Each structure stands twice: as structure tokens, then as C-alpha cells.
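**Student:** For reference, the structure I am asking about is given below.
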Amino acid sequence: MKRTNAKLTDVQGVYSGPEGDLWELIMGEQIHIGGFSQSKILADLAGIGRDEKVLDLCSALGAGLRFLAKFYGARGFGLDATEKMLEKAAARTAEDGLSGQIEFKKGNVESIPWSDGFFDVVWGEDAWCYVENKDRMIAEAARVLRRGGRIAFSDWVEGPKGWSEETAARICGFMKFPYVESQKSYEEKLRKNGFSIRSSEDCTPHFASCCDLYIRMLTEQLTFDALRIIGWDMEMFKAMGGEMAFMAEKAHAGEFGRCRIVAVKD
């Protein structure tokens with residue numbers, strides 16, 4: 001697991017500036033692979049129930065919690081470190097009439113500001129790749145979950161065929177990831193912290209197809225919109241396109257991927 005020099009401030013910069021707006025342009029408010037359909041798969045696997053307390057770690061625009069509140073009747077709690085994301089999340093939650101069902105806090109997922117055993121579910125969608133200390137985050141997730149509570153998440157990971165240090169450095173550098181886990185290493189961390197794995201899936205083929213989709217969207221439909229976001233810099237647009245094409249290539253080769261895991265606190 002190649003580590004880069006990316007820090008929390010780098011991630012905050014991504015989602016406070018034009019890069020965050022660009023990801024929302026191509027991914028929608030949920031800002032994760034597959035949008036609504038992938039959220040539904042994860043929620044069904046986790047068995048989200050009405051009035052269950054769900055903590056979304058790295059909650060971004062709050063769309064994940066709004067999805068769970070609207071379609072599963074969950075009570076949502078979001079934790080994020082980026083002020084701009086929190087402001088937008090609160091505003092959009094109010095617009096959707098869900099302020100009484102969802103609350104947000106600013107903070108670090110490596111030190112969760114809630115008491116032991118408070119939550120029924122800890123949730124995450126394609127965001128923990130930005131976390132510097134994933135061991136600490138998972139330990140904290142275990143702490144704030146009740147016994148029998150679930151952790152349910154998807155994330156971008158080293159692919160099932162593994163990758164070279166050069167590939168890891170290039171992708172993590174472009175995406176500003178401090179490093180990424182593999183599906184297997186996530187499973188090991190969960191077991192170490194008292195979880196039993198309920199479901200663990202390699203989603204790399206779907207991830208690769210979505211990478212292709214995003215490139216097509218940017219080149220065939222959303223070029224003007226993307227250029228506006230990045231200040232009409234065509235050279236930057238081309239360079240970003242090259243890096244996205246590299247990620248797609250590595251995803252199709254099974255070197256870079258995505259997994260989905262649900263586990264239960266023993």
C-alpha cells in the first residue's frame with residue numbers, strides 16, 4: 001500500500017474548490033460510483049431499518065443520508081471535515097425537508113465525536129480512500145457502534161490483481177489519496193476490531209465501466225461545463241483526461257478497483 005504525502009488539508013482543498021464541483025458534475029450529488037443503484041445495494045445488504053441511527057463517515061453533500069432517510073426511514077448523522085461540504089449538505093437537507101431527521105458535525109473520522117455504542121450502522125461510500133489513518137477510523141467506528149451494529153461501505157481500493165508502486169503513486173497523487181487499502185486488508189482490519197464479515201464483494205468490473213462512462217460524459221457532453229469549473233484551462237482539462245484514462249486502463253486490468261463490504265460488530 002504505497003503512501004503519498006497527501007494530508008487532510010489536501011482533501012479539504014479538493015472538496016472546497018473546483019475539483020469537488022467537477023466530481024459532482026459527473027457523479028451527481030452522491031459523488032460515488034453508481035449513484036442511487038449502488039447505494040440501494042449497500043443499504044439492502046446492511047439491512048437498514050426505520051429509525052435506525054446511521055453515521056456517515058465523510059458525508060460530503062449529505063446525499064447518502066438523504067437517500068437513507070427518504071427511502072429507508074433512517075435517522076442520519078454526518079461527519080465531515082470540509083466546511084463547504086457541510087454548509088451545502090445542511091442547505092440541501094433543509095431543501096428536501098429532512099433537517100429534523102439528519103444532523104451534521106464537523107470533525108475528523110479518526111476521532112468520532114459521539115459516545116460509545118450510539119449507532120446502529122456506520123456507513124461510507126467511496127470516501128475512505130481519503131482517510132490518512134484507516135486503522136484508527138475503523139477502531140472508532142467499532143467504538144461508536146452498538147453490539148450487533150453494522151459497518152457498511154464501499155471504497156476505491158487496490159485491484160484484485162495488485163498494482164505496482166509506480167501505478168499507486170500516480171493514481172494516489174492525482175486523486176490526492178494518502179494511500180488506498182485492498183479488499184483483503186479492509187477485511188483484516190475489520191476482523192482485528194471485532195467485526196464478522198457478512199458480505200465482501202469485488203466491484204472492479206463495474207468500477208471500470210463507470211470510469212469509461214465518466215470519460216465519455218466529459219468528452220461527449222459536459223466539456224463546456226467542466227471547462228467553466230476549471231477556469232477554461234484546456235491544457236488542464238486534457239491533462240486530467242489523461243489521468244482519468246490511466247485510471248480506467250488500470251481498472252480494466254484489475255489493478256485498481258472498488259469493493260463493497262458489510263460487517264457486524266460481535
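Labeling convention for the C-alpha cells: chains A, B, ... as they appear, residues from 1 per chain, ligands from 1 in order of appearance.
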Per DSSP on the backbone, what are the strand (DSSP E or B) residues of region 48-193 of chain A, as a count of residues only?
**Tutor:** 38
**Student:** Set the distance at 6 Å and use only C-alpha atoms: which residues neighbour region 36-53 of chain A once local chain neighbours fewer than 6 positions away are removed? I'd like the list as a list in words.
**Tutor:** Tyr72, Gly73, Ala74, Arg75, Phe119 and Asp120 of chain A
**Student:** Take the residues just selected and output them with N, CA and C atoms as a PDB file, in the first residue's frame.
**Tutor:**
ATOM      1  N   TYR A  72     -35.472   4.655   3.439  1.00  0.00           N
ATOM      2  CA  TYR A  72     -35.385   3.620   4.468  1.00  0.00           C
ATOM      3  C   TYR A  72     -35.856   4.116   5.838  1.00  0.00           C
ATOM      4  N   GLY A  73     -36.153   5.400   5.952  1.00  0.00           N
ATOM      5  CA  GLY A  73     -36.639   5.941   7.211  1.00  0.00           C
ATOM      6  C   GLY A  73     -35.594   6.022   8.297  1.00  0.00           C
ATOM      7  N   ALA A  74     -34.309   6.029   7.898  1.00  0.00           N
ATOM      8  CA  ALA A  74     -33.224   6.075   8.881  1.00  0.00           C
ATOM      9  C   ALA A  74     -33.072   7.476   9.467  1.00  0.00           C
ATOM     10  N   ARG A  75     -32.473   7.534  10.646  1.00  0.00           N
ATOM     11  CA  ARG A  75     -32.051   8.794  11.256  1.00  0.00           C
ATOM     12  C   ARG A  75     -30.579   8.987  10.916  1.00  0.00           C
ATOM     13  N   PHE A 119     -24.554   4.202  17.721  1.00  0.00           N
ATOM     14  CA  PHE A 119     -25.115   3.991  16.386  1.00  0.00           C
ATOM     15  C   PHE A 119     -25.474   2.538  16.104  1.00  0.00           C
ATOM     16  N   ASP A 120     -26.432   2.390  15.197  1.00  0.00           N
ATOM     17  CA  ASP A 120     -26.804   1.076  14.681  1.00  0.00           C
ATOM     18  C   ASP A 120     -25.978   0.708  13.454  1.00  0.00           C
TER      19      ASP A 120
END
**Student:** Figure out the distance between CA of Asp126 (chain A) and CA of Gly242 (chain A), please, to one decimal in Å.
**Tutor:** 21.6 Å
**Student:** My list of candidates is A:Asp225, A:Asp56, A:Glu110, A:Glu220. Which is closest to Ala152 (chain A) when distances are computed with only C-alpha atoms?
**Tutor:**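 Under the stated criterion, the closest residue is A:Asp56.
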**Student:** Considering only C-alpha atoms, give me a table of residues in region 58-147 of chain A that are at most 10 Å from region 181-186 of chain A, with the closest atom pair and distance in Å for each, as CSV.
**Tutor:**
residue,atom,partner,partner_atom,distance
A:Trp128,CA,A:Glu181,CA,9.3
A:Cys129,CA,A:Glu181,CA,7.5
A:Lys134,CA,A:Glu181,CA,8.5
A:Asp135,CA,A:Tyr186,CA,9.1
A:Ile138,CA,A:Tyr186,CA,9.2
**Student:** Taking the DSSP secondary structure from the backbone, can you list the residues of region 31-199 of chain A that are alpha helix (DSSP H), as a ChimeraX atom specification?
**Tutor:** /A:35-46,63-72,83-95,134-144,165-175,183-192
**Student:** Of the candidates A:Met244, A:Ile151, A:Ile261, A:Ala81, which one gets nearest to Ser200 (chain A) if we count only C-alpha atoms?
**Tutor:**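 Closest candidate: A:Ile261.
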**Student:** From the set A:Asp266, A:Asp155, A:Glu29, A:Glu125, which residue has the shortest atom-to-atom contact distance to Ala142 (chain A), counting only C-alpha atoms?
**Tutor:** A:Asp266
